Each structure stands twice: as C-alpha cells, then as structure tokens.
file entry39.txt (compact mmCIF, C-alpha atoms and all ligand atoms)
# COMPACT_ATOMS: atom_id res chain seq x y z
CA MET A 212 -27.87 -49.96 -61.93
CA ALA A 213 -31.42 -50.09 -62.96
CA VAL A 214 -32.21 -53.69 -63.53
CA TYR A 215 -33.91 -54.93 -60.41
CA THR A 216 -35.94 -57.64 -62.14
CA GLU A 217 -34.19 -60.08 -64.49
CA VAL A 218 -36.34 -61.18 -67.43
CA PRO A 219 -35.75 -64.82 -68.52
CA ASP A 220 -35.72 -65.48 -72.29
CA ASP A 221 -38.89 -67.58 -72.26
CA GLU A 222 -40.85 -64.89 -70.39
CA LEU A 223 -39.61 -62.23 -72.81
CA ALA A 224 -40.65 -64.32 -75.80
CA ALA A 225 -44.12 -64.87 -74.33
CA PHE A 226 -44.40 -61.11 -73.64
CA VAL A 227 -43.34 -60.01 -77.14
CA VAL A 228 -45.85 -62.24 -78.97
CA ALA A 229 -48.65 -60.11 -77.51
CA TYR A 230 -47.40 -57.22 -79.74
CA ASP A 231 -47.19 -56.66 -83.44
CA ILE A 232 -43.48 -55.74 -83.33
CA GLY A 233 -41.81 -58.71 -85.01
CA GLU A 234 -39.13 -60.99 -83.59
CA VAL A 235 -36.61 -60.22 -80.83
CA VAL A 236 -33.20 -59.25 -82.24
CA SER A 237 -31.49 -58.17 -79.02
CA PHE A 238 -32.34 -57.43 -75.41
CA LYS A 239 -30.16 -55.82 -72.79
CA GLY A 240 -30.48 -54.15 -69.42
CA ILE A 241 -29.84 -50.40 -69.14
CA ALA A 242 -27.47 -49.36 -66.36
CA GLU A 243 -28.76 -45.76 -66.00
CA GLY A 244 -31.77 -44.79 -63.92
CA VAL A 245 -32.71 -45.50 -60.34
CA GLU A 246 -36.43 -46.14 -60.06
CA ASN A 247 -37.43 -48.95 -62.43
CA SER A 248 -35.92 -51.82 -64.43
CA ASN A 249 -35.29 -50.71 -68.01
CA TYR A 250 -34.25 -52.79 -71.01
CA LEU A 251 -33.40 -51.88 -74.57
CA LEU A 252 -35.36 -54.25 -76.80
CA ALA A 253 -34.61 -54.44 -80.52
CA THR A 254 -36.99 -56.40 -82.71
CA THR A 255 -37.41 -56.78 -86.45
CA GLY A 256 -40.04 -54.03 -86.03
CA GLY A 257 -37.80 -51.40 -84.35
CA ARG A 258 -36.23 -50.36 -81.06
CA PHE A 259 -38.15 -50.04 -77.81
CA ILE A 260 -37.65 -49.46 -74.10
CA LEU A 261 -39.18 -52.13 -71.89
CA THR A 262 -39.86 -50.89 -68.36
CA LEU A 263 -40.82 -53.08 -65.42
CA TYR A 264 -42.24 -50.80 -62.76
CA GLU A 265 -40.62 -51.39 -59.39
CA LYS A 266 -41.86 -50.86 -55.87
CA ARG A 267 -41.73 -47.05 -55.69
CA VAL A 268 -44.18 -46.65 -58.55
CA ASP A 269 -47.82 -46.97 -57.49
CA PRO A 270 -49.53 -49.19 -60.11
CA ALA A 271 -52.62 -46.97 -59.75
CA ASP A 272 -50.56 -44.10 -61.26
CA LEU A 273 -49.51 -46.00 -64.38
CA PRO A 274 -52.56 -45.10 -66.52
CA PHE A 275 -51.80 -41.41 -65.75
CA PHE A 276 -48.18 -41.74 -66.89
CA LEU A 277 -48.87 -43.77 -70.03
CA GLU A 278 -51.87 -41.74 -71.16
CA LEU A 279 -49.92 -38.54 -70.51
CA LEU A 280 -47.18 -39.69 -72.89
CA GLN A 281 -49.83 -40.32 -75.53
CA HIS A 282 -51.44 -36.92 -74.91
CA LEU A 283 -48.12 -35.03 -75.05
CA SER A 284 -47.01 -36.84 -78.24
CA ALA A 285 -50.37 -36.09 -79.85
CA ASN A 286 -49.81 -32.43 -78.97
CA GLY A 287 -46.41 -32.16 -80.59
CA LEU A 288 -43.97 -32.99 -77.78
CA THR A 289 -41.16 -35.44 -78.54
CA CYS A 290 -41.37 -38.02 -75.76
CA PRO A 291 -41.66 -41.82 -75.65
CA GLN A 292 -44.95 -43.20 -76.91
CA PRO A 293 -46.49 -46.26 -75.25
CA VAL A 294 -46.85 -49.22 -77.61
CA ALA A 295 -50.09 -51.16 -77.30
CA GLY A 296 -50.33 -54.92 -77.72
CA ARG A 297 -52.66 -56.49 -80.29
CA ASP A 298 -55.45 -56.28 -77.69
CA GLY A 299 -55.02 -52.49 -77.46
CA GLU A 300 -53.47 -52.62 -73.97
CA ALA A 301 -50.21 -50.76 -73.28
CA LEU A 302 -49.98 -51.70 -69.62
CA ARG A 303 -49.21 -55.41 -69.13
CA LYS A 304 -47.47 -57.75 -66.66
CA LEU A 305 -44.05 -59.33 -66.93
CA CYS A 306 -42.22 -61.33 -64.25
CA GLY A 307 -44.98 -60.45 -61.81
CA ARG A 308 -44.51 -56.70 -62.32
CA PRO A 309 -46.51 -54.11 -64.23
CA ALA A 310 -44.64 -53.51 -67.49
CA ALA A 311 -44.90 -51.41 -70.65
CA LEU A 312 -43.09 -50.90 -73.94
CA VAL A 313 -42.41 -47.38 -75.16
CA THR A 314 -40.74 -46.10 -78.31
CA PHE A 315 -36.99 -45.50 -78.28
CA LEU A 316 -35.78 -41.90 -78.61
CA ASP A 317 -32.47 -41.00 -80.26
CA GLY A 318 -30.12 -38.59 -78.53
CA VAL A 319 -27.76 -38.30 -75.59
CA SER A 320 -28.11 -36.49 -72.29
CA VAL A 321 -25.54 -33.86 -71.34
CA ARG A 322 -23.61 -33.85 -68.08
CA ARG A 323 -22.67 -30.17 -68.09
CA PRO A 324 -25.28 -28.18 -70.00
CA THR A 325 -24.28 -25.05 -71.94
CA ALA A 326 -26.31 -21.83 -71.82
CA ALA A 327 -27.70 -22.73 -75.28
CA GLN A 328 -28.84 -26.09 -73.96
CA CYS A 329 -30.43 -24.38 -70.92
CA ALA A 330 -32.33 -22.16 -73.36
CA ALA A 331 -33.44 -25.21 -75.37
CA LEU A 332 -34.64 -26.80 -72.13
CA GLY A 333 -36.55 -23.63 -71.16
CA SER A 334 -38.51 -23.62 -74.38
CA ALA A 335 -39.09 -27.41 -74.28
CA LEU A 336 -40.44 -27.07 -70.72
CA ALA A 337 -42.86 -24.33 -71.79
CA ASN A 338 -43.93 -26.51 -74.76
CA LEU A 339 -44.52 -29.41 -72.37
CA HIS A 340 -46.72 -27.16 -70.20
CA GLU A 341 -48.69 -26.00 -73.24
CA ALA A 342 -48.99 -29.57 -74.60
CA GLY A 343 -50.29 -30.78 -71.22
CA LYS A 344 -53.36 -28.55 -71.47
CA GLY A 345 -56.59 -30.52 -71.81
CA PHE A 346 -55.16 -33.75 -70.36
CA GLY A 347 -58.09 -35.42 -68.65
CA LEU A 348 -56.43 -37.39 -65.82
CA LYS A 349 -55.28 -35.86 -62.54
CA ARG A 350 -52.41 -36.76 -60.24
CA PRO A 351 -51.68 -34.51 -57.25
CA ASN A 352 -47.99 -33.95 -56.52
CA ALA A 353 -47.17 -36.29 -53.63
CA LEU A 354 -43.77 -34.58 -53.34
CA SER A 355 -45.03 -31.01 -53.03
CA VAL A 356 -44.99 -29.06 -49.78
CA SER A 357 -47.41 -31.36 -47.92
CA GLY A 358 -45.14 -34.34 -48.67
CA TRP A 359 -41.97 -32.79 -47.24
CA ARG A 360 -42.70 -33.03 -43.49
CA PRO A 361 -43.20 -36.83 -43.60
CA LEU A 362 -39.85 -37.14 -45.41
CA ALA A 363 -38.19 -34.93 -42.80
CA GLU A 364 -39.71 -37.11 -40.06
CA ALA A 365 -38.29 -40.21 -41.75
CA ALA A 366 -34.79 -38.70 -41.56
CA ARG A 367 -35.10 -36.99 -38.16
CA GLY A 368 -32.49 -38.10 -35.63
CA ARG A 369 -30.26 -39.57 -38.37
CA SER A 370 -29.49 -36.66 -40.70
CA HIS A 371 -26.46 -35.47 -38.67
CA VAL A 372 -24.45 -38.29 -40.29
CA VAL A 373 -24.78 -36.30 -43.54
CA ALA A 374 -24.23 -32.81 -42.05
CA PRO A 375 -24.15 -31.56 -38.46
CA GLY A 376 -27.32 -29.64 -37.54
CA LEU A 377 -29.21 -30.81 -40.63
CA ASP A 378 -32.35 -31.73 -38.68
CA GLU A 379 -32.55 -28.17 -37.36
CA THR A 380 -31.92 -26.61 -40.78
CA ILE A 381 -34.66 -28.76 -42.30
CA ALA A 382 -37.12 -27.99 -39.49
CA ALA A 383 -36.63 -24.23 -39.92
CA GLU A 384 -36.95 -24.51 -43.71
CA LEU A 385 -40.15 -26.52 -43.43
CA ASP A 386 -41.73 -23.86 -41.22
CA ALA A 387 -40.68 -21.05 -43.58
CA LEU A 388 -41.67 -22.87 -46.78
CA GLU A 389 -45.01 -24.17 -45.53
CA ALA A 390 -45.93 -20.60 -44.55
CA GLY A 391 -44.62 -19.14 -47.83
CA PHE A 392 -46.22 -21.72 -50.13
CA ALA A 393 -49.60 -21.22 -48.42
CA THR A 394 -49.64 -17.62 -49.70
CA LEU A 395 -49.13 -18.59 -53.37
CA SER A 396 -51.78 -18.91 -56.03
CA LEU A 397 -50.24 -19.66 -59.42
CA PRO A 398 -51.24 -21.19 -62.78
CA GLU A 399 -51.41 -24.97 -62.58
CA GLY A 400 -51.13 -27.78 -65.08
CA VAL A 401 -49.25 -30.97 -65.81
CA ILE A 402 -45.59 -30.75 -64.79
CA HIS A 403 -42.71 -33.17 -65.38
CA ALA A 404 -41.32 -32.60 -61.86
CA ASP A 405 -37.95 -34.33 -62.53
CA LEU A 406 -36.63 -32.76 -65.73
CA PHE A 407 -32.94 -33.10 -64.84
CA PRO A 408 -30.29 -33.23 -67.59
CA ASN A 409 -30.31 -37.06 -67.52
CA ASN A 410 -33.94 -36.98 -68.65
CA VAL A 411 -33.38 -34.73 -71.68
CA PHE A 412 -31.82 -35.87 -74.96
CA PHE A 413 -29.87 -33.76 -77.44
CA LEU A 414 -28.63 -34.43 -80.94
CA GLY A 415 -25.83 -31.85 -81.20
CA GLU A 416 -27.24 -28.57 -79.85
CA GLU A 417 -30.79 -29.58 -80.79
CA LEU A 418 -32.99 -30.89 -77.99
CA SER A 419 -34.36 -34.16 -79.37
CA GLY A 420 -36.69 -35.45 -76.65
CA LEU A 421 -37.79 -35.72 -73.01
CA ILE A 422 -38.06 -38.98 -71.04
CA ASP A 423 -38.88 -40.33 -67.57
CA PHE A 424 -42.31 -38.90 -66.80
CA TYR A 425 -42.75 -41.06 -63.67
CA PHE A 426 -42.91 -38.07 -61.29
CA ALA A 427 -45.29 -36.13 -63.57
CA CYS A 428 -48.26 -34.65 -61.75
CA ASP A 429 -50.47 -31.57 -61.45
CA ASP A 430 -48.83 -28.60 -59.79
CA TRP A 431 -47.82 -24.98 -60.34
CA LEU A 432 -46.15 -24.68 -63.74
CA ALA A 433 -43.53 -22.28 -62.39
CA TYR A 434 -42.50 -24.91 -59.82
CA ASP A 435 -41.32 -27.08 -62.74
CA LEU A 436 -39.20 -24.16 -63.98
CA ALA A 437 -37.75 -23.81 -60.46
CA ILE A 438 -36.82 -27.52 -60.42
CA CYS A 439 -35.02 -27.04 -63.75
CA LEU A 440 -33.16 -23.89 -62.62
CA ASN A 441 -31.79 -25.97 -59.74
CA ALA A 442 -30.91 -28.99 -61.86
CA TRP A 443 -29.39 -27.18 -64.86
CA CYS A 444 -27.94 -23.81 -63.85
CA PHE A 445 -25.62 -24.53 -60.92
CA GLU A 446 -21.95 -25.16 -61.66
CA PRO A 447 -20.00 -28.05 -60.09
CA ASP A 448 -18.73 -25.62 -57.38
CA GLN A 449 -22.42 -24.91 -56.58
CA SER A 450 -22.30 -21.30 -57.80
CA PHE A 451 -25.41 -20.28 -59.74
CA ASN A 452 -24.66 -19.43 -63.38
CA VAL A 453 -26.88 -16.39 -64.13
CA THR A 454 -26.14 -16.63 -67.87
CA LYS A 455 -27.65 -20.13 -67.92
CA GLY A 456 -30.53 -19.07 -65.65
CA ARG A 457 -31.32 -16.07 -67.87
CA ALA A 458 -31.16 -18.24 -71.01
CA MET A 459 -33.58 -20.77 -69.51
CA ILE A 460 -36.08 -18.28 -68.08
CA GLU A 461 -36.13 -16.06 -71.17
CA ALA A 462 -36.61 -19.04 -73.50
CA TYR A 463 -39.42 -20.34 -71.29
CA HIS A 464 -41.01 -16.88 -71.15
CA ALA A 465 -40.83 -16.53 -74.94
CA ALA A 466 -42.83 -19.75 -75.38
CA ARG A 467 -45.17 -19.38 -72.38
CA PRO A 468 -45.16 -15.88 -70.91
CA LEU A 469 -44.69 -15.94 -67.15
CA LEU A 470 -47.10 -13.89 -65.04
CA PRO A 471 -45.60 -11.27 -62.69
CA GLU A 472 -46.69 -13.39 -59.71
CA GLU A 473 -44.85 -16.43 -61.12
CA ILE A 474 -41.66 -14.43 -61.50
CA GLU A 475 -42.06 -13.01 -58.01
CA ALA A 476 -42.55 -16.53 -56.60
CA LEU A 477 -39.49 -18.07 -58.33
CA PRO A 478 -37.03 -17.70 -55.41
CA LEU A 479 -39.50 -19.33 -53.00
CA LEU A 480 -40.33 -22.08 -55.50
CA ALA A 481 -36.64 -22.77 -56.14
CA ARG A 482 -36.01 -22.92 -52.40
CA GLY A 483 -38.89 -25.40 -52.04
CA ALA A 484 -37.62 -27.46 -54.97
CA ALA A 485 -34.18 -27.55 -53.35
CA LEU A 486 -35.68 -28.84 -50.09
CA ARG A 487 -37.72 -31.47 -51.97
CA PHE A 488 -34.62 -33.00 -53.61
CA LEU A 489 -32.54 -32.58 -50.44
CA LEU A 490 -35.16 -34.60 -48.55
CA THR A 491 -35.65 -37.43 -51.06
CA ARG A 492 -31.89 -37.79 -51.52
CA LEU A 493 -31.38 -37.68 -47.73
CA VAL A 494 -33.92 -40.43 -47.05
CA ASP A 495 -32.44 -42.56 -49.86
CA TRP A 496 -28.95 -41.92 -48.51
CA LEU A 497 -29.94 -43.05 -45.02
CA ASP A 498 -32.11 -46.00 -46.07
CA THR A 499 -30.11 -47.55 -48.92
CA PRO A 500 -28.37 -50.65 -47.53
CA PRO A 501 -24.55 -50.70 -47.88
CA GLY A 502 -23.56 -52.56 -51.04
CA ALA A 503 -26.91 -51.96 -52.82
CA LEU A 504 -26.39 -51.65 -56.57
CA VAL A 505 -27.85 -48.15 -56.76
CA LYS A 506 -25.96 -44.92 -57.25
CA LYS A 507 -26.73 -42.78 -54.20
CA LEU A 508 -27.21 -39.08 -55.00
CA ASP A 509 -25.58 -36.48 -52.77
CA PRO A 510 -28.09 -34.67 -50.50
CA LEU A 511 -25.52 -31.95 -49.69
CA GLU A 512 -25.57 -30.73 -53.29
CA TYR A 513 -29.15 -29.66 -52.61
CA LEU A 514 -28.34 -28.21 -49.19
CA LYS A 515 -25.88 -25.87 -50.95
CA LYS A 516 -28.54 -24.89 -53.51
CA LEU A 517 -30.97 -24.25 -50.69
CA ARG A 518 -28.44 -21.92 -49.03
CA PHE A 519 -28.16 -19.94 -52.27
CA HIS A 520 -31.95 -19.53 -52.50
CA GLN A 521 -32.20 -18.40 -48.87
CA GLN A 522 -30.16 -15.35 -49.95
CA ALA A 523 -31.99 -14.70 -53.26
CA ALA A 524 -33.98 -11.48 -52.91
CA ASP A 525 -35.87 -11.84 -56.19
CA ALA A 526 -35.74 -13.48 -59.63
CA THR A 527 -32.88 -11.21 -60.76
CA ALA A 528 -30.66 -13.60 -58.74
CA PHE A 529 -31.44 -16.17 -61.46
CA GLY A 530 -30.69 -13.77 -64.32
CA TRP A 531 -34.24 -12.48 -64.88
CA ARG A 532 -34.16 -8.92 -66.30
CA ALA A 533 -37.01 -6.96 -64.78
N1 LIG B 601 -37.66 -43.80 -74.58
C1 LIG B 601 -36.35 -43.91 -74.39
N2 LIG B 601 -35.51 -43.84 -75.44
C2 LIG B 601 -34.17 -44.03 -75.28
N3 LIG B 601 -33.58 -44.30 -74.10
C3 LIG B 601 -34.37 -44.36 -73.01
C4 LIG B 601 -35.77 -44.17 -73.08
N4 LIG B 601 -36.29 -44.32 -71.85
C5 LIG B 601 -35.26 -44.59 -71.03
N5 LIG B 601 -34.10 -44.62 -71.72
C6 LIG B 601 -32.77 -44.93 -71.18
O1 LIG B 601 -32.95 -45.58 -69.94
C7 LIG B 601 -32.32 -44.83 -68.88
C8 LIG B 601 -33.15 -44.93 -67.61
O2 LIG B 601 -34.46 -44.43 -67.85
P1 LIG B 601 -35.25 -43.60 -66.76
O3 LIG B 601 -36.66 -43.46 -67.25
O4 LIG B 601 -34.51 -42.34 -66.42
O5 LIG B 601 -35.20 -44.61 -65.54
P2 LIG B 601 -35.65 -44.41 -64.03
O6 LIG B 601 -37.10 -43.98 -64.06
O7 LIG B 601 -35.44 -45.77 -63.45
O8 LIG B 601 -34.78 -43.37 -63.42
C9 LIG B 601 -32.19 -43.43 -69.44
O9 LIG B 601 -31.12 -42.74 -68.86
C10 LIG B 601 -31.95 -43.69 -70.92
O10 LIG B 601 -30.58 -44.02 -71.15
N1 LIG B 602 -33.54 -36.51 -60.25
C1 LIG B 602 -33.57 -37.04 -58.91
C2 LIG B 602 -33.47 -38.54 -58.87
C3 LIG B 602 -34.45 -39.28 -59.77
O1 LIG B 602 -33.70 -40.00 -60.72
P1 LIG B 602 -34.18 -40.35 -62.23
O2 LIG B 602 -33.09 -41.24 -62.75
O3 LIG B 602 -35.50 -41.04 -62.08
O4 LIG B 602 -34.25 -39.06 -62.99
C4 LIG B 602 -32.40 -36.42 -58.09
O5 LIG B 602 -31.47 -35.93 -58.72
O6 LIG B 602 -32.47 -36.43 -56.87

call {"tool": "encode", "arguments": {"input": "entry39.txt", "output": "structure tokens"}}
result
Amino acid sequence: MAVYTEVPDDELAAFVVAYDIGEVVSFKGIAEGVENSNYLLATTGGRFILTLYEKRVDPADLPFFLELLQHLSANGLTCPQPVAGRDGEALRKLCGRPAALVTFLDGVSVRRPTAAQCAALGSALANLHEAGKGFGLKRPNALSVSGWRPLAEAARGRSHVVAPGLDETIAAELDALEAGFATLSLPEGVIHADLFPNNVFFLGEELSGLIDFYFACDDWLAYDLAICLNAWCFEPDQSFNVTKGRAMIEAYHAARPLLPEEIEALPLLARGAALRFLLTRLVDWLDTPPGALVKKLDPLEYLKKLRFHQQAADATAFGWRA
C-alpha cells in the first residue's frame, strides 16, 4: 500500500481551494508505491497526483525534486509537472506533511519488458540525461558507494536470516567495490537512480512517460544505465537477457554516445548498483514490522544479480558489441 496518511474531506477541500484547478470530482488512494502517500485527484480542471511526502523523504530535498521535474519538462522530457497554487507555490502542507500536486500521466507500466521496451527505455534514459544538463540545483547521491557501508552495518549480525553467510559476502563486496569505484572518473549529471519498470509508462510499445524522481541526484550517468540494466534485463530465473541488454545499451548510445571509459566501467557499476538495491531491500526486509501494509521486496533477487556481475569480464556480458 502507499497511503500512510489519510486525508479527511474537509482538509482536502481546504487544500484544493489554494489552486486554480476547479472543484473536486473524485479522490482515491493509490495502492502502488512504497515511499510516500499518493492519491489520484480528479477535479473539474483535470486529473492530478497528490503526494504527501512521508518520513523517508527529507523535506530539504523537495525543492530539488520539484524544480527538477519542471526543468526536465521544459527540456522535452515527459514527466509529471508540479502544479503551483494561486500564490505560485508548488510545495505546500497537508495533514501536517509536505505535499504537492503533479500532473497525471497516461500509460501503464510493464511487468516483463520486451527487448523493444528495453530499447525505448535506453533512449528515454539518455534523453533524461541530456535534458538534465544545466539544472542549477545539486543533490549528492546518498545511496552511492559512501552510503553502502552504513546500510551494511545496519544489517550486520541479522542478514543470515535472509541467506547464510550474507554478512561476509557483503563485507567482501564492499571492500572490492569501494576500491574499484575510487578508481573511476566518469561524466556526471542528474540521474533518476530508480528507473525500474514500475516507474516507466507505456502506451502500447511507445514509452509515454517517466515518474517517481524521489531518488534523483547527481552521479555518474553510466551508473543510471547500470541500475536500469539490472532492473530491466534479467529474466524471472535471474539469467541476464543479452538481447534486452544490447537493445538498451545501443539505444542509449545512439542518443548519448557512451565514452570508452563508461563502457569499460559498466560491469563494476552494475555490480555496485546490485549491492545498493540488495542493501536497501535487506534493511527494509529486516526492519519492516510483521503485518506492516508494505510490500517487502526480495533482497535475494539482487544477490543473484550481484553474483552474475562478479563473473562479468566486460560489457560484452551485457550484449555490448565492441
Ligand atoms: N504523475 C503520475 N501520473 C500517473 N500515475 C502516477 C503518477 N505518479 C504516480 N502515479 C501512480 O502512483 C503510483 C505510486 O507512485 P510512486 O511515485 O512510484 O510512489 P512511491 O514514491 O511511493 O514509490 C505509481 O505506480 C503510479 O501508478
Ligand atoms: N525500486 C526499488 C524500490 C523503490 O520503490 P519505488 O516504488 O519508489 O520505485 C527496489 O526495487 O528495491
């Protein structure tokens, strides 16, 4: 579920009058998502998503996220656009939480992407990276390599309930990845950092929009591609589909040519991205109270992806044709 904060009718009505969007027609909670409370709000002026930002979002980051959506939209990317109230403010308060309205995007996310959809994602990701150029605000990636050891510490001594020997595997990975990442120097920019299939909409085979920019930050652009290779190109049996990987990388490369050093770094970046999602899922798995109304995501899925990357000699393992 993703409705942590219930919005009473009178508070909604008082919130909506601050905007020039007409009268409320319908209002309902959205079950998908894990981080924030999301509602679909229909008014006589259109359809909107109302988000109440919950405890894992730092309010200080909200201007970065909302202004980024404006910047990306202005630069041709199809993503939600923040809606300002009559006073010009997009970021407001509702039920004691920071809250914002954004435009509704049509489309559906896919559960099992095809190679054509992986290609569409590759070119949309490159377009996002191009559109992010010139964005004035900065947000370091709190979940890049320097953020992994604290997560590992939070799970240490408990991770064996998920897999025997997991603490040791994670400790060895951290040593290897911290050393490897320290040698990299790659083009940077604004990245989405969580562009999983549930955050990408399609209308038929056409990619119609990108959502959920609440992990967006500044980091190596190729790291975002590595996150997407992990999220889109593995099959349910955890084998890597090189046809999908090739489709994604080639489409990305056609829209934003990758430098030789980015291609060379891909296996290490994908291994790091696998550890990042293994760790966040592991901590959530261990810390979510039994019975909580949140869908827990499987950390072992990312352990299996990590194992694949440990064996990947170079980017040809992902379908790249040298
Ligand atoms: N702008 C939007 N247009 C249409 N649907 C949206 C939009 N934003 C969010 N949604 C819907 O809300 C769900 C949860 O949103 P998401 O941003 O992924 O939440 P969370 O950050 O809590 O994970 C999405 O899966 C989608 O169904
Ligand atoms: N993509 C992450 C979880 C974050 O969920 P989202 O609903 O905010 O995209 C994972 O798979 O671990």

call {"tool": "residues_near_ligand", "arguments": {"input": "entry39.txt", "ligand": "ligand LIG 602 (chain B)", "cutoff": "6 Å", "atoms": "all atoms listed in the file", "output": "list of chain:residue names"}}
result
A:Gly244, A:Val245, A:Glu246, A:Asp405, A:Phe407, A:Phe488, A:Arg492

call {"tool": "residues_near_ligand", "arguments": {"input": "entry39.txt", "ligand": "ligand LIG 601 (chain B)", "cutoff": "9 Å", "atoms": "all atoms listed in the file", "output": "count of residues only"}}
result
45

call {"tool": "residues_around", "arguments": {"input": "entry39.txt", "residues": "range 337-348 of chain A", "least_positions_apart": "3", "cutoff": "6 Å", "atoms": "all atoms listed in the file", "output": "mmCIF file with C-alpha atoms, in the frame of the given file"}}
result
data_model
loop_
_atom_site.group_PDB
_atom_site.id
_atom_site.type_symbol
_atom_site.label_atom_id
_atom_site.label_comp_id
_atom_site.auth_asym_id
_atom_site.auth_seq_id
_atom_site.Cartn_x
_atom_site.Cartn_y
_atom_site.Cartn_z
ATOM 1 C CA LEU A 283 -48.120 -35.030 -75.050
ATOM 2 C CA ASN A 286 -49.810 -32.430 -78.970
ATOM 3 C CA SER A 334 -38.510 -23.620 -74.380
ATOM 4 C CA VAL A 401 -49.250 -30.970 -65.810
ATOM 5 C CA TYR A 463 -39.420 -20.340 -71.290
ATOM 6 C CA ALA A 466 -42.830 -19.750 -75.380
ATOM 7 C CA ARG A 467 -45.170 -19.380 -72.380
#

call {"tool": "atom_distance", "arguments": {"input": "entry39.txt", "atom1": "CA of Lys507 in chain A", "atom2": "CA of Leu489 in chain A"}}
result
12.3 Å

call {"tool": "atom_distance", "arguments": {"input": "entry39.txt", "atom1": "CA of Phe276 in chain A", "atom2": "CA of Lys506 in chain A"}}
result
24.4 Å

call {"tool": "closest_residue", "arguments": {"input": "entry39.txt", "among": "A:Glu475, A:Pro324, A:Ala465, A:Leu490", "to": "Leu397 in chain A", "atoms": "only C-alpha atoms"}}
result
A:Glu475

call {"tool": "residues_around", "arguments": {"input": "entry39.txt", "residues": "Gly256 in chain A", "least_positions_apart": "3", "cutoff": "9 Å", "atoms": "only C-alpha atoms", "output": "ChimeraX atom specification"}}
result
/A:231-235,253

call {"tool": "atom_distance", "arguments": {"input": "entry39.txt", "atom1": "CA of Glu399 in chain A", "atom2": "CA of Ala476 in chain A"}}
result
13.6 Å

call {"tool": "closest_residue", "arguments": {"input": "entry39.txt", "among": "A:Pro447, A:Cys329, A:Ala462, A:Ala481", "to": "Ala433 in chain A", "atoms": "only C-alpha atoms"}}
result
A:Ala481

call {"tool": "closest_residue", "arguments": {"input": "entry39.txt", "among": "A:Gly299, A:Glu217, A:Arg322, A:Pro478", "to": "Leu436 in chain A", "atoms": "only C-alpha atoms"}}
result
A:Pro478

call {"tool": "residues_around", "arguments": {"input": "entry39.txt", "residues": "range 388-395 of chain A", "least_positions_apart": "3", "cutoff": "8 Å", "atoms": "only C-alpha atoms", "output": "list in words"}}
result
Val356, Ser357, Glu384, Leu385, Ala476, Leu479, Leu480, Arg482 and Gly483 of chain A

call {"tool": "closest_atom_pairs", "arguments": {"input": "entry39.txt", "of": "range 288-389 of chain A", "to": "range 449-461 of chain A", "cutoff": "9 Å", "atoms": "all atoms listed in the file", "output": "Markdown table"}}
result
| residue | atom | partner | partner_atom | distance |
| --- | --- | --- | --- | --- |
| A:Pro324 | CA | A:Lys455 | CA | 8.6 |
| A:Thr325 | CA | A:Lys455 | CA | 7.2 |
| A:Ala326 | CA | A:Lys455 | CA | 4.5 |
| A:Ala327 | CA | A:Ala458 | CA | 7.1 |
| A:Gln328 | CA | A:Met459 | CA | 8.4 |
| A:Cys329 | CA | A:Met459 | CA | 5.0 |
| A:Ala330 | CA | A:Met459 | CA | 4.3 |
| A:Ala331 | CA | A:Met459 | CA | 7.4 |
| A:Leu332 | CA | A:Met459 | CA | 6.7 |
| A:Gly333 | CA | A:Met459 | CA | 4.4 |
| A:Ser334 | CA | A:Met459 | CA | 7.5 |

call {"tool": "residues_near_point", "arguments": {"input": "entry39.txt", "point": "(-29.4, -40.2, -47.0)", "cutoff": "9 Å", "atoms": "only C-alpha atoms", "output": "PyMOL selection string"}}
result
chain A and resi 366+369-370+372-373+489-499+507-510

call {"tool": "closest_residue", "arguments": {"input": "entry39.txt", "among": "A:Arg323, A:His464, A:Lys266, A:Lys349", "to": "Pro309 in chain A", "atoms": "only C-alpha atoms"}}
result
A:Lys266

call {"tool": "closest_residue", "arguments": {"input": "entry39.txt", "among": "A:Trp359, A:Tyr215, A:Tyr230, A:Phe413", "to": "Thr289 in chain A", "atoms": "only C-alpha atoms"}}
result
A:Phe413

call {"tool": "residues_around", "arguments": {"input": "entry39.txt", "residues": "Ile474 in chain A", "least_positions_apart": "2", "cutoff": "9 Å", "atoms": "only C-alpha atoms", "output": "list in words"}}
result
Ala433, Leu469, Leu470, Pro471, Glu472, Ala476, Leu477, Pro478, Asp525, Ala526 and Trp531 of chain A

call {"tool": "axis_aligned_box", "arguments": {"input": "entry39.txt", "around": "range 430-444 of chain A", "padding_each_side": "6 Å", "output": "JSON"}}
result
{"center_x": -38.4, "center_y": -25.6, "center_z": -62.3, "size_x": 32.9, "size_y": 18.7, "size_z": 17.1}

call {"tool": "closest_residue", "arguments": {"input": "entry39.txt", "among": "A:Leu223, A:Ile402, A:Ala335, A:Val321", "to": "Leu414 in chain A", "atoms": "only C-alpha atoms"}}
result
A:Val321

call {"tool": "build_atoms", "arguments": {"input": "entry39.txt", "residues": "range 464-475 of chain A", "atoms": "N, CA and C atoms", "output": "mmCIF file, in the frame of the given file"}}
result
data_model
loop_
_atom_site.group_PDB
_atom_site.id
_atom_site.type_symbol
_atom_site.label_atom_id
_atom_site.label_comp_id
_atom_site.auth_asym_id
_atom_site.auth_seq_id
_atom_site.Cartn_x
_atom_site.Cartn_y
_atom_site.Cartn_z
ATOM 1 N N HIS A 464 -40.098 -18.030 -71.092
ATOM 2 C CA HIS A 464 -41.010 -16.880 -71.150
ATOM 3 C C HIS A 464 -41.432 -16.577 -72.587
ATOM 4 N N ALA A 465 -40.507 -16.806 -73.532
ATOM 5 C CA ALA A 465 -40.830 -16.530 -74.940
ATOM 6 C C ALA A 465 -41.893 -17.514 -75.445
ATOM 7 N N ALA A 466 -41.886 -18.727 -74.914
ATOM 8 C CA ALA A 466 -42.830 -19.750 -75.380
ATOM 9 C C ALA A 466 -44.110 -19.785 -74.547
ATOM 10 N N ARG A 467 -43.992 -19.468 -73.264
ATOM 11 C CA ARG A 467 -45.170 -19.380 -72.380
ATOM 12 C C ARG A 467 -44.917 -18.226 -71.421
ATOM 13 N N PRO A 468 -45.474 -17.046 -71.741
ATOM 14 C CA PRO A 468 -45.160 -15.880 -70.910
ATOM 15 C C PRO A 468 -45.491 -16.094 -69.439
ATOM 16 N N LEU A 469 -44.496 -15.794 -68.597
ATOM 17 C CA LEU A 469 -44.690 -15.940 -67.150
ATOM 18 C C LEU A 469 -45.469 -14.744 -66.616
ATOM 19 N N LEU A 470 -46.374 -14.981 -65.682
ATOM 20 C CA LEU A 470 -47.100 -13.890 -65.040
ATOM 21 C C LEU A 470 -46.190 -13.227 -64.009
ATOM 22 N N PRO A 471 -46.438 -11.938 -63.700
ATOM 23 C CA PRO A 471 -45.600 -11.270 -62.690
ATOM 24 C C PRO A 471 -45.564 -12.048 -61.371
ATOM 25 N N GLU A 472 -46.693 -12.662 -60.992
ATOM 26 C CA GLU A 472 -46.690 -13.390 -59.710
ATOM 27 C C GLU A 472 -45.849 -14.672 -59.778
ATOM 28 N N GLU A 473 -45.719 -15.244 -60.983
ATOM 29 C CA GLU A 473 -44.850 -16.430 -61.120
ATOM 30 C C GLU A 473 -43.383 -16.016 -60.983
ATOM 31 N N ILE A 474 -43.044 -14.891 -61.587
ATOM 32 C CA ILE A 474 -41.660 -14.430 -61.500
ATOM 33 C C ILE A 474 -41.328 -14.060 -60.050
ATOM 34 N N GLU A 475 -42.281 -13.404 -59.409
ATOM 35 C CA GLU A 475 -42.060 -13.010 -58.010
ATOM 36 C C GLU A 475 -41.877 -14.241 -57.109
#
